[in-house]
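To start, the structure under review is shown below, and the notes come after it.
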Amino acid sequence: MGAPRAPATIEPRGQHGMSASADAAHVADAEGAVGASETAVRLRGLRKTFGDVVAVDSVDLDIADGEFLTLLGPSGSGKTTVLRMIAGFELPTAGSIELGGRDVSQRPPFERDVNTVFQDYALFPHLTVLQNVEYGLRVKKVAKAERRQRATEALASVRLDGYGDRKPSQMSGGQRQRVALARALVNRPKVLLLDEPLGALDLKLREQMQVELKAIQREVGITFVFVTHDQEEALTMSDRIAVFNEGRIEQIGTPAEVYERPATEFVAGFVGTSNLLRGEASLKVLGLEGVFSVRPEKIHLGDPSQPLADGEHGADGTVAEVVYVGDATRFVVDLDAGGRLVALQQNVHRTSSDVAGLRGSRVRLVWRRDHEYRVHG
Amino acid sequence: MTISRPARIVLRILFLLGLLFIYVPLGVVVVNSFNADQTFSWPPTEWTTEWWQKMVENQGVRDALVSSIIVGLIATAVAMVLGTLVALALGRYAFFGRDTVSLLIILPIALPGIVTGIALNNVFTSYMGGLTFLSILIGHATFCIVVVYNNAIARLRRVGTSFDEASMDLGATSWTTFRLVTFPQIRSSLVAGAVLAFGLSFDEIIVTTFTAPPNIQTLPIWIFNNLFRPNQAPIVNAVAAALVLISIVPVYLAQRLSGNAAHAGGRI
């Protein structure tokens with residue numbers, strides 16, 4: 001499942017007054033979700049420009065204590081810039097950053113109680129693994145015996161006991177990743193920032209680290225702010241997801257909210273497969289104007305003669321494409337009403353040989369009305 | 001890439017010829033320093049260490065050597081501090097006019113030494129009360145800074161900023177970050193830069209000619225002044241031979257230390 005559109009450049013969007021009010025609505029939702037618990041990170045009107053390029057534009061975000069929040073978006077959407085501003089590597093052009101209620105907008109990185117796991121890990125090549133992990137404690141003048149003990153414990157917590165004397169160059173990618181994690185966590189920061197930390201790992205290792213990271217986060221109870229462009233990773237690990245596009249937050253919500261009820265066309269397309277009814281098709285099939293999203297797995301593939309039950313919508317069409325993907329089959333259906341929808345069907349009784357002959361056959365797509373959502377442009 | 005056999009042979013011969021042109025004259029200098037004949041008749045028939053002995057005993061050579069070493073060490077030290085600071089400023093911070101400053105730093109090594117020499121000479125004699133030991137130092141520092149700077153900035157670019165960021169993220173101030181992270185990573189390139197800077201200073205003659213007061217001679221100046229005195233010729237030859245042998249050491253060290261960085265930085 002790839003992103004249908006990934007803008008390579010960021011366009012200044014100063015004059016879009018409409019989207020600003022839409023953002024305000026999301027913020028209200030977010031604050032409701034955070035509720036009474038402490039706010040670890042509070043961003044207000046955050047903006048960053050590089051020359052003429054607006055990288056981040058009026059971002060408001062509250063991250064609760066102990067929350068696992070993911071900043072999800074395509075490259076160039078501003079998510080990493082937001083992370084770097086929280087860490088202090090970039091200073092905001094406008095707006096404010098509060099950590100634990102303290103405004104740190106103009107403070108240098110070493111005066112912020114956050115630690116970062118970098119995309120390239122940035123392990124100091126001239127220091128051993130143990131010295132790397134100790135580094136934060138060393139510069140904070142923690143006594144040698146204590147810092148040695150804490151660093152050793154931190155290495156053990158990421159299952160790297162006994163690797164302390166190695167140089168980072170002698171470790172594999174997955175091991176370096178865990179050293180970077182230990183180096184950050186040993187400082188017991190209020191907030192841990194993770195900049196696409198799993199991006200360099202292969203698929204199996206990545207899936208394993210997703211589970212491990214989530215377990216570690218639950219265990220230590222530290223707020224995690226996690227940047228990724230991988231929607232599955234975001235859905236798997238997060239308490240909440242903030243979907244970024246062109247420097248703005250399109251939607252904030254739990255994985256289920258973002259996936260099941262995408263607020264905008266962009267979110268519908270970026271998180272999961274874009275499956276939209278619009279224009280003529282909306283009118284004919286739903287009797288409504290606007291753009292609607294129905295997730296592929298919510299659509300049942302039936303006979304053209306299948307009657308619609310109460311609370312169901314249906315659309316007739318012709319199967320244009322059948323893709324066998326192992327555990328399921330993906331049907332791309334051209335609707336008589338115009339447009340196309342994708343229906344994902346579990347292969348409970350079907351095998352790959354059954355699939356081939358289905359192209360060109362007439363079908364009726366059926367879904368429950370409460371699985372269709374109006375999205376905004 | 002494969003090269004045909006005849007081409008390979010031709011290239012090998014050309015390569016050997018090139019090396020011969022460089023090293024045969026140097027070899028002759030070394031051999032002649034042991035040639036007992038004062039007019040260097042070839043091939044040498046008798047051998048002696050007299051010239052080496054005379055060289056060691058010669059007060060002019062000794063003074064010049066001491067001057068050269070002191071000038072080289074101080075100019076290198078000055079260049080180390082200034083060159084490193086400039087490299088950090090230009091390599092780590094973006095500011096208005098950065099490219100211009102970078103050009104101005106590198107320019108002295110591209111400028112003809114005679115221009116730098118005359119310009120400095122004018123300034124010192126006209127406005128600063130004449131030539132002194134200090135004027136030699138300043139003259140040498142102008143090009144020593146460049147080699148230190150070039151080595152340091154090449155390494156800084158290659159290392160990148162992510163380690164500095166990681167260090168500050170872990171709570172280290174800018175100074176601690178330099179001490180514990182940046183410096184250890186650029187250290188070998190600084191040493192290589194220092195060796196090169198000392199080498200440049202040690203054999204500099206043009207700028208020195210214009211900036212040295214009459215009572216101070218560096219070794220190259222002494223050689224130049226004594227080159228055409230027939231009596232001194234064997235001693236000059238011995239000095240030259242000694243320099244050939246001695247200079248192998250720092251060049252070898254610099255190459256070892258800078259490793260691949262020499263290809264990126266080094267001398268322009």
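Ordered as shown in the structure tokens, chains take letters A, B, and onward, while each chain numbers its residues from 1 and ligands are numbered from 1 in the order shown.
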Exercise. Residues of chain A no more than 7 Å from chain B, counting only C-alpha atoms: send them over as a ChimeraX atom specification.
Key: /A:109-111,115-116,122,124,136,139-140
Exercise. With a distance cut-off of 12 Å and only C-alpha atoms, select the neighbouring residues of Asn32 in chain B, excluding the residue or stretch itself and same-chain residues fewer than 4 positions from it, and output the selection as a PyMOL selection string.
Key: chain B and resi 24-28+36-52+233-242
Export of prior selection with N, CA, C and O atoms as a tab-separated table (two decimals), in the first residue's frame:
chain	number	residue	atom	x	y	z
B	24	VAL	N	66.41	10.68	-9.60
B	24	VAL	CA	67.84	10.58	-9.90
B	24	VAL	C	68.59	11.83	-9.43
B	24	VAL	O	69.61	11.72	-8.74
B	25	PRO	N	68.09	13.05	-9.74
B	25	PRO	CA	68.82	14.23	-9.27
B	25	PRO	C	68.95	14.26	-7.75
B	25	PRO	O	69.99	14.65	-7.21
B	26	LEU	N	67.86	13.83	-7.06
B	26	LEU	CA	67.92	13.82	-5.60
B	26	LEU	C	68.97	12.82	-5.13
B	26	LEU	O	69.74	13.09	-4.20
B	27	GLY	N	69.00	11.67	-5.80
B	27	GLY	CA	69.98	10.65	-5.45
B	27	GLY	C	71.40	11.17	-5.66
B	27	GLY	O	72.29	10.94	-4.83
B	28	VAL	N	71.60	11.91	-6.75
B	28	VAL	CA	72.92	12.47	-7.04
B	28	VAL	C	73.35	13.41	-5.91
B	28	VAL	O	74.51	13.39	-5.48
B	36	ALA	N	84.40	13.02	-2.30
B	36	ALA	CA	85.55	13.73	-1.74
B	36	ALA	C	86.01	14.88	-2.62
B	36	ALA	O	86.62	15.83	-2.15
B	37	ASP	N	85.67	14.82	-3.91
B	37	ASP	CA	86.09	15.87	-4.83
B	37	ASP	C	85.19	17.09	-4.69
B	37	ASP	O	83.97	17.01	-4.80
B	38	GLN	N	85.83	18.24	-4.44
B	38	GLN	CA	85.06	19.45	-4.17
B	38	GLN	C	84.27	19.95	-5.39
B	38	GLN	O	83.33	20.70	-5.26
B	39	THR	N	84.68	19.55	-6.59
B	39	THR	CA	83.96	19.99	-7.79
B	39	THR	C	82.96	18.93	-8.26
B	39	THR	O	82.38	19.04	-9.34
B	40	PHE	N	82.73	17.95	-7.44
B	40	PHE	CA	81.73	16.92	-7.73
B	40	PHE	C	81.98	16.21	-9.05
B	40	PHE	O	81.07	16.03	-9.85
B	41	SER	N	83.20	15.81	-9.33
B	41	SER	CA	83.45	15.06	-10.57
B	41	SER	C	82.72	13.72	-10.50
B	41	SER	O	82.60	13.11	-9.44
B	42	TRP	N	82.22	13.31	-11.64
B	42	TRP	CA	81.38	12.11	-11.66
B	42	TRP	C	82.01	11.07	-12.56
B	42	TRP	O	82.49	11.43	-13.64
B	43	PRO	N	82.06	9.82	-12.25
B	43	PRO	CA	81.58	9.27	-10.97
B	43	PRO	C	82.54	9.56	-9.84
B	43	PRO	O	83.74	9.76	-10.11
B	44	PRO	N	82.10	9.58	-8.63
B	44	PRO	CA	82.97	9.87	-7.49
B	44	PRO	C	84.04	8.78	-7.38
B	44	PRO	O	83.76	7.61	-7.59
B	45	THR	N	85.25	9.20	-7.10
B	45	THR	CA	86.33	8.23	-6.98
B	45	THR	C	86.72	8.01	-5.53
B	45	THR	O	87.09	6.92	-5.13
B	46	GLU	N	86.59	9.07	-4.76
B	46	GLU	CA	86.93	8.93	-3.35
B	46	GLU	C	85.74	9.35	-2.49
B	46	GLU	O	84.96	10.21	-2.87
B	47	TRP	N	85.65	8.76	-1.33
B	47	TRP	CA	84.51	9.04	-0.45
B	47	TRP	C	84.97	9.70	0.83
B	47	TRP	O	86.04	9.44	1.31
B	48	THR	N	84.08	10.56	1.37
B	48	THR	CA	84.42	11.24	2.62
B	48	THR	C	83.16	11.63	3.38
B	48	THR	O	82.09	11.80	2.78
B	49	THR	N	83.28	11.78	4.68
B	49	THR	CA	82.17	12.33	5.48
B	49	THR	C	82.53	13.73	5.94
B	49	THR	O	81.88	14.30	6.81
B	50	GLU	N	83.56	14.28	5.31
B	50	GLU	CA	84.05	15.60	5.73
B	50	GLU	C	82.96	16.67	5.64
B	50	GLU	O	82.80	17.50	6.52
B	51	TRP	N	82.21	16.64	4.52
B	51	TRP	CA	81.20	17.69	4.31
B	51	TRP	C	80.11	17.61	5.36
B	51	TRP	O	79.63	18.63	5.84
B	52	TRP	N	79.73	16.41	5.72
B	52	TRP	CA	78.71	16.26	6.76
B	52	TRP	C	79.25	16.79	8.09
B	52	TRP	O	78.52	17.46	8.82
B	233	ALA	N	80.07	25.12	-1.43
B	233	ALA	CA	79.23	24.22	-2.22
B	233	ALA	C	79.08	22.82	-1.62
B	233	ALA	O	77.97	22.31	-1.52
B	234	PRO	N	80.15	22.16	-1.19
B	234	PRO	CA	79.98	20.81	-0.63
B	234	PRO	C	79.11	20.80	0.62
B	234	PRO	O	78.34	19.87	0.85
B	235	ILE	N	79.22	21.85	1.43
B	235	ILE	CA	78.41	21.90	2.65
B	235	ILE	C	76.94	22.08	2.30
B	235	ILE	O	76.06	21.42	2.85
B	236	VAL	N	76.69	23.00	1.34
B	236	VAL	CA	75.31	23.20	0.88
B	236	VAL	C	74.75	21.86	0.39
B	236	VAL	O	73.61	21.49	0.68
B	237	ASN	N	75.58	21.15	-0.33
B	237	ASN	CA	75.14	19.86	-0.86
B	237	ASN	C	74.80	18.88	0.27
B	237	ASN	O	73.80	18.16	0.21
B	238	ALA	N	75.62	18.90	1.31
B	238	ALA	CA	75.35	18.02	2.44
B	238	ALA	C	74.06	18.41	3.15
B	238	ALA	O	73.25	17.55	3.55
B	239	VAL	N	73.84	19.74	3.28
B	239	VAL	CA	72.59	20.22	3.89
B	239	VAL	C	71.41	19.73	3.07
B	239	VAL	O	70.42	19.21	3.61
B	240	ALA	N	71.51	19.87	1.76
B	240	ALA	CA	70.42	19.44	0.88
B	240	ALA	C	70.16	17.96	1.06
B	240	ALA	O	69.00	17.52	1.17
B	241	ALA	N	71.24	17.16	1.11
B	241	ALA	CA	71.08	15.72	1.27
B	241	ALA	C	70.40	15.41	2.59
B	241	ALA	O	69.50	14.56	2.67
B	242	ALA	N	70.80	16.12	3.64
B	242	ALA	CA	70.19	15.90	4.96
B	242	ALA	C	68.69	16.20	4.90
B	242	ALA	O	67.87	15.46	5.45
Quiz item: Just asking: which residues within range 89-140 of chain A are strand (DSSP E) according to DSSP, as a VMD selection string?
Solution: chain A and resid 94 to 99 102 to 103 114 to 117
What lies within 10 Å of Val78 in chain B using only C-alpha atoms, ignoring chain neighbours under 6 positions off, as an mmCIF file with N, CA, C and O atoms, in the first residue's frame?
data_model
loop_
_atom_site.group_PDB
_atom_site.id
_atom_site.type_symbol
_atom_site.label_atom_id
_atom_site.label_comp_id
_atom_site.auth_asym_id
_atom_site.auth_seq_id
_atom_site.Cartn_x
_atom_site.Cartn_y
_atom_site.Cartn_z
ATOM 1 N N GLY B 72 58.944 27.623 12.022
ATOM 2 C CA GLY B 72 57.998 26.589 11.589
ATOM 3 C C GLY B 72 57.059 26.191 12.706
ATOM 4 O O GLY B 72 55.847 26.077 12.504
ATOM 5 N N THR B 84 41.822 26.008 12.563
ATOM 6 C CA THR B 84 40.757 25.168 13.112
ATOM 7 C C THR B 84 39.523 25.996 13.441
ATOM 8 O O THR B 84 38.396 25.604 13.127
ATOM 9 N N LEU B 137 57.101 35.319 10.963
ATOM 10 C CA LEU B 137 56.024 34.471 11.481
ATOM 11 C C LEU B 137 54.708 34.762 10.780
ATOM 12 O O LEU B 137 53.995 33.855 10.353
ATOM 13 N N ILE B 138 54.376 36.057 10.675
ATOM 14 C CA ILE B 138 53.102 36.425 10.060
ATOM 15 C C ILE B 138 53.090 36.008 8.595
ATOM 16 O O ILE B 138 52.111 35.459 8.093
ATOM 17 N N HIS B 140 54.673 33.528 7.213
ATOM 18 C CA HIS B 140 54.500 32.087 7.109
ATOM 19 C C HIS B 140 53.096 31.648 7.503
ATOM 20 O O HIS B 140 52.528 30.730 6.918
ATOM 21 N N ALA B 141 52.541 32.317 8.514
ATOM 22 C CA ALA B 141 51.206 31.926 8.988
ATOM 23 C C ALA B 141 50.169 32.087 7.881
ATOM 24 O O ALA B 141 49.205 31.317 7.818
ATOM 25 N N THR B 142 50.384 33.055 6.970
ATOM 26 C CA THR B 142 49.364 33.286 5.941
ATOM 27 C C THR B 142 49.100 32.030 5.103
ATOM 28 O O THR B 142 47.960 31.732 4.777
ATOM 29 N N CYS B 144 50.315 28.843 6.085
ATOM 30 C CA CYS B 144 50.142 27.686 6.975
ATOM 31 C C CYS B 144 48.678 27.513 7.376
ATOM 32 O O CYS B 144 48.167 26.396 7.472
ATOM 33 N N ILE B 145 47.997 28.646 7.608
ATOM 34 C CA ILE B 145 46.581 28.587 7.977
ATOM 35 C C ILE B 145 45.797 27.820 6.912
ATOM 36 O O ILE B 145 44.921 27.021 7.213
#
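For the pair CA of Val82 in chain A and CA of Leu46 in chain A, the interatomic distance is 8.2 Å.
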Report as a tab-separated table: every residue of range 268-344 of chain A with an atom at most 12 Å from range 243-246 of chain A, its closest pair of atoms, and their distance in Å to one decimal, counting only C-alpha atoms, with rows sorted by chain and ascending residue number.
residue	atom	partner	partner_atom	distance
A:Ala268	CA	A:Val243	CA	10.5
A:Gly269	CA	A:Val243	CA	11.3
A:Phe270	CA	A:Val243	CA	8.7
A:Val271	CA	A:Val243	CA	8.6
Please, which residues in range 143-260 of chain B fall within 8 Å of range 132-136 of chain B when counting only C-alpha atoms, and what is the closest atom pair and distance in Å to one decimal for each, ordered by chain then residue number, as JSON lines?
{"residue": "B:Val207", "atom": "CA", "partner": "B:Ile136", "partner_atom": "CA", "distance": 8.0}
{"residue": "B:Thr208", "atom": "CA", "partner": "B:Ile136", "partner_atom": "CA", "distance": 6.0}
{"residue": "B:Thr211", "atom": "CA", "partner": "B:Ile136", "partner_atom": "CA", "distance": 5.1}
{"residue": "B:Ala212", "atom": "CA", "partner": "B:Ile136", "partner_atom": "CA", "distance": 5.4}
{"residue": "B:Pro213", "atom": "CA", "partner": "B:Thr132", "partner_atom": "CA", "distance": 5.4}
{"residue": "B:Ile216", "atom": "CA", "partner": "B:Phe133", "partner_atom": "CA", "distance": 7.5}
So that I have them on file, write out the residues from the current selection with all heavy atoms, as a PDB file, in the first residue's frame.
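File written: result_11.pdb
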ATOM      1  N   VAL B 207      58.571  34.323   0.369  1.00  0.00           N
ATOM      2  CA  VAL B 207      57.971  35.210   1.361  1.00  0.00           C
ATOM      3  C   VAL B 207      59.001  35.549   2.438  1.00  0.00           C
ATOM      4  O   VAL B 207      59.111  36.701   2.880  1.00  0.00           O
ATOM      5  CB  VAL B 207      56.716  34.549   1.992  1.00  0.00           C
ATOM      6  CG1 VAL B 207      56.181  35.407   3.138  1.00  0.00           C
ATOM      7  CG2 VAL B 207      55.639  34.355   0.939  1.00  0.00           C
ATOM      8  N   THR B 208      59.806  34.531   2.815  1.00  0.00           N
ATOM      9  CA  THR B 208      60.814  34.753   3.853  1.00  0.00           C
ATOM     10  C   THR B 208      61.828  35.815   3.430  1.00  0.00           C
ATOM     11  O   THR B 208      62.237  36.659   4.233  1.00  0.00           O
ATOM     12  CB  THR B 208      61.557  33.437   4.156  1.00  0.00           C
ATOM     13  OG1 THR B 208      60.614  32.375   4.187  1.00  0.00           O
ATOM     14  CG2 THR B 208      62.263  33.510   5.494  1.00  0.00           C
ATOM     15  N   THR B 211      60.360  39.119   4.176  1.00  0.00           N
ATOM     16  CA  THR B 211      59.876  39.450   5.514  1.00  0.00           C
ATOM     17  C   THR B 211      60.942  39.253   6.589  1.00  0.00           C
ATOM     18  O   THR B 211      60.724  39.611   7.738  1.00  0.00           O
ATOM     19  CB  THR B 211      58.644  38.590   5.879  1.00  0.00           C
ATOM     20  OG1 THR B 211      58.967  37.215   5.637  1.00  0.00           O
ATOM     21  CG2 THR B 211      57.432  38.972   5.058  1.00  0.00           C
ATOM     22  N   ALA B 212      62.104  38.650   6.229  1.00  0.00           N
ATOM     23  CA  ALA B 212      63.122  38.402   7.249  1.00  0.00           C
ATOM     24  C   ALA B 212      64.014  39.621   7.433  1.00  0.00           C
ATOM     25  O   ALA B 212      64.430  40.240   6.451  1.00  0.00           O
ATOM     26  CB  ALA B 212      63.965  37.200   6.851  1.00  0.00           C
ATOM     27  N   PRO B 213      64.298  39.971   8.686  1.00  0.00           N
ATOM     28  CA  PRO B 213      65.280  41.042   8.930  1.00  0.00           C
ATOM     29  C   PRO B 213      66.667  40.524   8.559  1.00  0.00           C
ATOM     30  O   PRO B 213      66.880  39.308   8.510  1.00  0.00           O
ATOM     31  CB  PRO B 213      65.159  41.289  10.438  1.00  0.00           C
ATOM     32  CG  PRO B 213      64.622  40.011  11.003  1.00  0.00           C
ATOM     33  CD  PRO B 213      63.766  39.404   9.941  1.00  0.00           C
ATOM     34  N   ILE B 216      68.453  37.606  10.593  1.00  0.00           N
ATOM     35  CA  ILE B 216      67.870  36.273  10.750  1.00  0.00           C
ATOM     36  C   ILE B 216      67.854  35.559   9.411  1.00  0.00           C
ATOM     37  O   ILE B 216      67.396  36.095   8.403  1.00  0.00           O
ATOM     38  CB  ILE B 216      66.437  36.336  11.316  1.00  0.00           C
ATOM     39  CG1 ILE B 216      66.445  37.011  12.691  1.00  0.00           C
ATOM     40  CG2 ILE B 216      65.837  34.931  11.423  1.00  0.00           C
ATOM     41  CD1 ILE B 216      65.095  37.095  13.342  1.00  0.00           C
TER      42      ILE B 216
END
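Using only C-alpha atoms, the contacts of Phe68 in chain A at a cut-off of 10 Å, with sequence neighbours closer than 4 positions omitted, comprise Ile63, Ala64, Val191, Leu192, Lys214, Gln217, Arg218, Gly221, Ile222, Thr223, Phe224, Val225, Phe226, Ala234, Met237, Ser238, Asp239, Arg240 and Ile241 of chain A.
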I need the chosen residues saved as an mmCIF file, in the first residue's frame, with N, CA, C and O atoms.
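out39.cif was written with the following content:
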data_model
loop_
_atom_site.group_PDB
_atom_site.id
_atom_site.type_symbol
_atom_site.label_atom_id
_atom_site.label_comp_id
_atom_site.auth_asym_id
_atom_site.auth_seq_id
_atom_site.Cartn_x
_atom_site.Cartn_y
_atom_site.Cartn_z
ATOM 1 N N ILE A 63 0.711 16.668 23.280
ATOM 2 C CA ILE A 63 1.093 15.268 23.454
ATOM 3 C C ILE A 63 1.062 14.968 24.941
ATOM 4 O O ILE A 63 1.709 15.655 25.740
ATOM 5 N N ALA A 64 0.268 13.958 25.306
ATOM 6 C CA ALA A 64 0.061 13.663 26.726
ATOM 7 C C ALA A 64 1.239 12.895 27.290
ATOM 8 O O ALA A 64 1.979 12.230 26.562
ATOM 9 N N VAL A 191 10.672 12.976 27.400
ATOM 10 C CA VAL A 191 10.146 12.670 26.068
ATOM 11 C C VAL A 191 11.262 12.052 25.228
ATOM 12 O O VAL A 191 12.387 12.545 25.240
ATOM 13 N N LEU A 192 10.929 10.989 24.536
ATOM 14 C CA LEU A 192 11.891 10.399 23.608
ATOM 15 C C LEU A 192 11.418 10.672 22.185
ATOM 16 O O LEU A 192 10.268 10.400 21.835
ATOM 17 N N LYS A 214 7.417 -0.797 21.291
ATOM 18 C CA LYS A 214 6.141 -0.568 21.961
ATOM 19 C C LYS A 214 6.197 -1.130 23.381
ATOM 20 O O LYS A 214 5.723 -0.501 24.334
ATOM 21 N N GLN A 217 8.309 1.096 25.537
ATOM 22 C CA GLN A 217 7.603 2.332 25.859
ATOM 23 C C GLN A 217 6.603 2.107 26.988
ATOM 24 O O GLN A 217 6.502 2.902 27.908
ATOM 25 N N ARG A 218 5.873 0.995 26.919
ATOM 26 C CA ARG A 218 4.913 0.679 27.985
ATOM 27 C C ARG A 218 5.637 0.513 29.306
ATOM 28 O O ARG A 218 5.189 0.989 30.340
ATOM 29 N N GLY A 221 7.296 3.988 30.429
ATOM 30 C CA GLY A 221 6.283 5.027 30.602
ATOM 31 C C GLY A 221 6.693 6.398 30.110
ATOM 32 O O GLY A 221 6.138 7.406 30.519
ATOM 33 N N ILE A 222 7.706 6.450 29.245
ATOM 34 C CA ILE A 222 8.164 7.727 28.701
ATOM 35 C C ILE A 222 7.320 8.082 27.483
ATOM 36 O O ILE A 222 6.882 7.199 26.741
ATOM 37 N N THR A 223 7.073 9.381 27.301
ATOM 38 C CA THR A 223 6.363 9.832 26.113
ATOM 39 C C THR A 223 7.224 9.583 24.879
ATOM 40 O O THR A 223 8.389 9.976 24.854
ATOM 41 N N PHE A 224 6.672 8.916 23.870
ATOM 42 C CA PHE A 224 7.399 8.690 22.628
ATOM 43 C C PHE A 224 6.786 9.536 21.525
ATOM 44 O O PHE A 224 5.580 9.496 21.317
ATOM 45 N N VAL A 225 7.615 10.291 20.840
ATOM 46 C CA VAL A 225 7.167 10.978 19.621
ATOM 47 C C VAL A 225 7.927 10.342 18.468
ATOM 48 O O VAL A 225 9.153 10.414 18.405
ATOM 49 N N PHE A 226 7.196 9.699 17.591
ATOM 50 C CA PHE A 226 7.777 8.795 16.611
ATOM 51 C C PHE A 226 7.468 9.312 15.218
ATOM 52 O O PHE A 226 6.308 9.559 14.884
ATOM 53 N N ALA A 234 2.821 3.140 11.783
ATOM 54 C CA ALA A 234 2.084 4.094 12.598
ATOM 55 C C ALA A 234 0.853 3.435 13.211
ATOM 56 O O ALA A 234 0.573 3.603 14.402
ATOM 57 N N MET A 237 1.831 0.840 16.146
ATOM 58 C CA MET A 237 2.491 1.204 17.398
ATOM 59 C C MET A 237 1.828 2.322 18.177
ATOM 60 O O MET A 237 2.002 2.415 19.385
ATOM 61 N N SER A 238 1.068 3.185 17.523
ATOM 62 C CA SER A 238 0.736 4.469 18.133
ATOM 63 C C SER A 238 -0.483 4.412 19.046
ATOM 64 O O SER A 238 -1.395 3.621 18.847
ATOM 65 N N ASP A 239 -0.465 5.293 20.065
ATOM 66 C CA ASP A 239 -1.710 5.625 20.760
ATOM 67 C C ASP A 239 -2.512 6.599 19.904
ATOM 68 O O ASP A 239 -3.715 6.470 19.776
ATOM 69 N N ARG A 240 -1.822 7.574 19.365
ATOM 70 C CA ARG A 240 -2.468 8.507 18.442
ATOM 71 C C ARG A 240 -1.527 8.787 17.275
ATOM 72 O O ARG A 240 -0.310 8.676 17.404
ATOM 73 N N ILE A 241 -2.128 9.192 16.159
ATOM 74 C CA ILE A 241 -1.359 9.511 14.960
ATOM 75 C C ILE A 241 -1.712 10.929 14.533
ATOM 76 O O ILE A 241 -2.891 11.290 14.506
#
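Going from CA of Glu265 in chain A to CA of Tyr324 in chain A covers 26.6 Å.
For the atom pair formed by CA of Thr254 in chain A and CA of Leu235 in chain A, the distance is 8.5 Å, given to one decimal.
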Quiz item: Could you pull out the helix (DSSP H, G or I) residues of range 82-295 of chain A from DSSP and send them as an MDAnalysis selection string?
Solution: chainID A and resid 82:87 109:111 129:139 144:157 168:170 173:185 203:220 231:237 255:260 265:270 280:286
Exercise. Would you list the contacts of Leu123 in chain A as a list in words, taking every protein, DNA or RNA residue within 9 Å and counting only C-alpha atoms, but skipping same-chain residues closer than 3 positions in sequence?
Key: Phe118, Asp120, His126, Leu127, Val129, Asn132, Pro168, Arg176, Val179, Ala180 and Arg183 of chain A; Phe163 and Ala166 of chain B
Generate the output file for the selected residues, C-alpha atoms, as a JSON list (two decimals), in the first residue's frame.
[["chain", "number", "residue", "atom", "x", "y", "z"],
["A", 118, "PHE", "CA", 18.37, 9.43, 15.06],
["A", 120, "ASP", "CA", 21.25, 7.15, 11.09],
["A", 126, "HIS", "CA", 35.42, 6.87, 18.26],
["A", 127, "LEU", "CA", 33.75, 5.64, 21.45],
["A", 129, "VAL", "CA", 29.23, 1.05, 22.79],
["A", 132, "ASN", "CA", 28.27, 5.88, 23.83],
["A", 168, "PRO", "CA", 29.67, 0.82, 16.79],
["A", 176, "ARG", "CA", 23.20, -0.15, 16.46],
["A", 179, "VAL", "CA", 22.45, 1.00, 21.20],
["A", 180, "ALA", "CA", 20.96, 4.30, 20.04],
["A", 183, "ARG", "CA", 21.91, 5.76, 24.79],
["B", 163, "PHE", "CA", 27.30, 13.58, 15.84],
["B", 166, "ALA", "CA", 23.56, 13.81, 19.08]]
Exercise. Write out as a list in words each polymer residue whose atoms come within 9 Å of Thr329 in chain A, counting only C-alpha atoms; drop sequence neighbours fewer than 2 positions from it.
Key: Val322, Val323, Tyr324, Val325, Gly326, Asp327, Phe331, Ala343, Leu344, Gln345, Gln346, Asn347, Arg350, Ser352 and Val355 of chain A
